[in-house]
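Some notes on the structure that comes next.
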Amino acid sequence: MSECTNDCSSCGQNCADRRQPADFREKPHELSNIKKVIAVVSGKGGVGKSLVTSLLAVNSMRNGYHAAVLDADVTGPSIPNVFGVHEKATGNGFGILPVSSKLGVDLMSINLLLENETDPVVWRGPILAGTVKQFWTDVIWKDVDFMYVDMPPGTGDVPLTVFQSLPVDGIVVVTSPQELVGMIVEKAVKMAQMMNIPVLGVVENYSYFTCPDCGKQHKLYGESHIDRIAEQYGIDTVCRIPIQPKLAAACDAGMIELYEGDWLDPLTRKIESL
């Protein structure tokens, strides 16, 4: 038998001294009630992760559920602008209160706490991770059926903190058609597997553009590789969002709740079946 390293998480021996791996999960605020937590991740930035997070939250609200968005992308927050929310979060003697969108999606983002929305957040990793924890422990999330966590890109401090500290029920991976991005997607999927969190689906953004004149689809970013990756990792739900000027305009105008489209309906059904 090899020498014990006291790391039971990577040991296959069933000895008398075996211990359960440490549980780093943080308790939510005592007044919070959150049923399911879905993390929306990407291997790199600029692929539309915040867009997918917002669309899923809107879909849940349209289907009669109460949705919330925790914006964990502290250095690049965009969720408030997408929903057209610019007022500041408030608090009471018990905790911080999220800000509700026009249709009732509860939101918490660093931009709801900064004096000016354009102020940069120049913090190191541990402070960023601590802020995300506080969005979970100090904010009063009331009667939330589905909380969507808009994660920063990559596999660094904040994603690791979310996976370890929050009871994440599943993740959604967002990508674009480029082959290089496909390689990065696999890193995100493998991280989820390492944390024993199921991948509920993959969303390919910028998948195609439909010509308004002839109706033909053009793949401006090249052929998709998403089906191969999904099959390789046993992911059974793949959704594609086209290049849609009206969708971009809705985000810029803070009117995402008025969008029209059924691209994420299969993934929404998968999440609501949890």
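Residue numbering restarts at 1 for every chain of the structure tokens, chains are lettered A, B, ... in their displayed order, and ligands are numbered from 1 as they appear.
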
**OP:** From the DSSP assignment of the backbone, select every residue of stretch 4-247 of chain A that is strand (DSSP E), and format the answer as a PyMOL selection string.
**Re:** chain A and resi 34-41+67-71+90-91+96-97+99-100+106-108+144-150+170-175+199-204+209-210+217-218+238-240

Keeping only C-alpha atoms, write the selected residues as a compact mmCIF listing (two decimals), in the first residue's frame.
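selection.txt written:
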```txt
# COMPACT_ATOMS: atom_id res chain seq x y z
CA ILE A 34 -34.11 29.03 -3.43
CA LYS A 35 -35.16 25.75 -5.02
CA LYS A 36 -32.76 25.22 -7.94
CA VAL A 37 -29.47 26.84 -8.92
CA ILE A 38 -28.27 26.76 -12.53
CA ALA A 39 -24.82 28.09 -13.46
CA VAL A 40 -24.30 29.44 -16.97
CA VAL A 41 -20.64 29.10 -17.95
CA ALA A 67 -36.64 33.40 -11.59
CA ALA A 68 -33.60 35.24 -10.27
CA VAL A 69 -30.18 36.09 -11.69
CA LEU A 70 -27.03 36.26 -9.58
CA ASP A 71 -24.42 38.13 -11.63
CA THR A 90 -31.22 48.56 -1.00
CA GLY A 91 -31.17 46.77 2.33
CA ILE A 96 -29.55 43.15 1.06
CA LEU A 97 -32.63 43.16 -1.17
CA VAL A 99 -33.73 44.60 -7.51
CA SER A 100 -36.66 43.34 -9.56
CA ASP A 106 -34.88 39.33 -9.08
CA LEU A 107 -31.37 40.61 -9.85
CA MET A 108 -28.17 41.11 -7.91
CA VAL A 144 -37.04 31.67 -6.08
CA ASP A 145 -37.84 28.63 -8.21
CA PHE A 146 -34.80 28.94 -10.48
CA MET A 147 -31.70 31.01 -9.79
CA TYR A 148 -29.45 31.49 -12.81
CA VAL A 149 -25.83 32.36 -12.03
CA ASP A 150 -24.10 34.34 -14.77
CA GLY A 170 -26.56 21.82 -13.13
CA ILE A 171 -24.65 23.94 -15.60
CA VAL A 172 -25.34 25.30 -19.06
CA VAL A 173 -22.31 25.76 -21.34
CA VAL A 174 -22.36 28.60 -23.88
CA THR A 175 -20.14 28.57 -26.94
CA VAL A 199 -24.13 19.49 -17.71
CA LEU A 200 -27.76 20.15 -18.63
CA GLY A 201 -27.10 21.45 -22.12
CA VAL A 202 -24.90 23.35 -24.53
CA VAL A 203 -25.96 26.56 -26.28
CA GLU A 204 -24.22 27.64 -29.47
CA PHE A 209 -27.54 34.09 -39.96
CA THR A 210 -30.77 33.86 -41.94
CA GLN A 217 -28.96 30.24 -43.59
CA HIS A 218 -25.32 31.34 -43.67
CA VAL A 238 -28.09 21.28 -27.75
CA CYS A 239 -29.61 24.66 -28.65
CA ARG A 240 -28.58 27.15 -31.31
```

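With only C-alpha atoms as the atoms that count, the residue of A:Gly254, A:Pro28, A:Gly95, A:Gly154 with the shortest distance to A:Thr137 is A:Pro28.
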
Subject >> Best match for closeness to A:Pro126 among A:Leu103, A:Asp157, A:Glu231, A:Met151, counting only C-alpha atoms >> reply: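 Residue with the minimum atom-to-atom distance to A:Pro126: A:Asp157.
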
Original post:
Between A:Gly43, A:Arg124, A:Ser32, A:Glu87, which is the closest to A:Ala192 once you count only C-alpha atoms?
Top reply: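 Of A:Gly43, A:Arg124, A:Ser32, A:Glu87, the one nearest A:Ala192 is A:Gly43, counting only C-alpha atoms.
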
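Nearest residue to A:Pro242, choosing from A:Lys44, A:Lys142, A:Lys270, A:Lys219 and counting only C-alpha atoms: A:Lys219.
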
**OP:** Considering only C-alpha atoms, return as number ranges by chain whatever protein or nucleic-acid residues lie within 12 Å of A:Met194, sequence-local ones (same chain, fewer than 4 positions apart) excluded.
**Re:** A: 9-10, 155, 160, 163-164, 187-190, 198-199

Requested write-out: C-alpha atoms of the selected residues, as a short mmCIF file (atom, residue, chain, number, x, y, z; two decimals), in the first residue's frame:
```cif
data_model
loop_
_atom_site.label_atom_id
_atom_site.label_comp_id
_atom_site.auth_asym_id
_atom_site.auth_seq_id
_atom_site.Cartn_x
_atom_site.Cartn_y
_atom_site.Cartn_z
CA SER A 9 -10.96 12.69 -2.34
CA SER A 10 -8.30 11.18 -4.62
CA THR A 155 -12.15 28.12 -14.89
CA LEU A 160 -14.49 27.40 -8.55
CA PHE A 163 -19.18 25.36 -7.75
CA GLN A 164 -17.90 24.75 -4.22
CA LYS A 187 -12.32 22.52 -20.52
CA ALA A 188 -15.53 23.93 -19.00
CA VAL A 189 -17.30 20.59 -19.35
CA LYS A 190 -14.40 18.74 -17.74
CA PRO A 198 -24.27 17.62 -14.41
CA VAL A 199 -24.13 19.49 -17.71
#
```

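Rounded to one decimal, atom CA of A:Gly93 and atom CA of A:Thr118 lie 28.5 Å from each other.
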
**OP:** With a distance cut-off of 8 Å and only C-alpha atoms, select the neighbouring residues of A:Ile243, excluding the residue or stretch itself and same-chain residues fewer than 2 positions from it, and output the selection as a ChimeraX atom specification.
**Re:** /A:205-210,241,245

Saved selection, atoms kept: C-alpha atoms, as a tab-separated table (two decimals), in the first residue's frame:
```
chain	number	residue	atom	x	y	z
A	205	ASN	CA	-24.56	31.38	-29.98
A	206	TYR	CA	-23.90	33.12	-33.33
A	207	SER	CA	-24.78	29.78	-34.88
A	208	TYR	CA	-26.04	31.09	-38.21
A	209	PHE	CA	-27.54	34.09	-39.96
A	210	THR	CA	-30.77	33.86	-41.94
A	241	ILE	CA	-29.14	30.92	-31.26
A	245	PRO	CA	-30.17	41.95	-34.87
```

Original post:
atom CA of A:Ser42 to atom CA of A:Val185: how many Å, to one decimal?
Top reply: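 A separation of 6.7 Å between them.
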
Original post:
How many Å lie between atom CA of A:Trp141 and atom CA of A:Pro159, rounded to one decimal?
Top reply: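 Distance reported for this atom pair: 20.6 Å.
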
Original post:
Near stretch 74-76 of chain A, counting only C-alpha atoms, which residues have an atom at most 12 Å away, once you skip same-chain residues fewer than 5 positions from it, shown as an MDAnalysis selection string?
Top reply: chainID A and resid 45:46 49:50 81 108:114 117:135 149:153 157:159

Subject >> Distance criterion (only C-alpha atoms): nearest to A:Glu26 out of A:Cys214, A:Val52, A:Ala230, A:Val168 >> reply: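 Counting only C-alpha atoms, the residue closest to A:Glu26 is A:Val168.
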
Original post:
Looking at A:Asn92, A:Ser273, A:Ser101, A:Ser60, which one is nearest to A:Ile140, with distances taken over only C-alpha atoms?
Top reply: A:Asn92

Original post:
If you count only C-alpha atoms, which residues fall within 8 Å of A:Leu55, apart from same-chain ones fewer than 5 positions away, as a list in words?
Top reply: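 Final neighbour list, sorted by chain and number: Ile256, Glu257 and Leu264 of chain A.
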
Subject >> All alpha helix (DSSP H) positions in stretch 74-233 of chain A, as a ChimeraX atom specification >> reply: /A:79-83,125-137,157-165,179-194,226-232
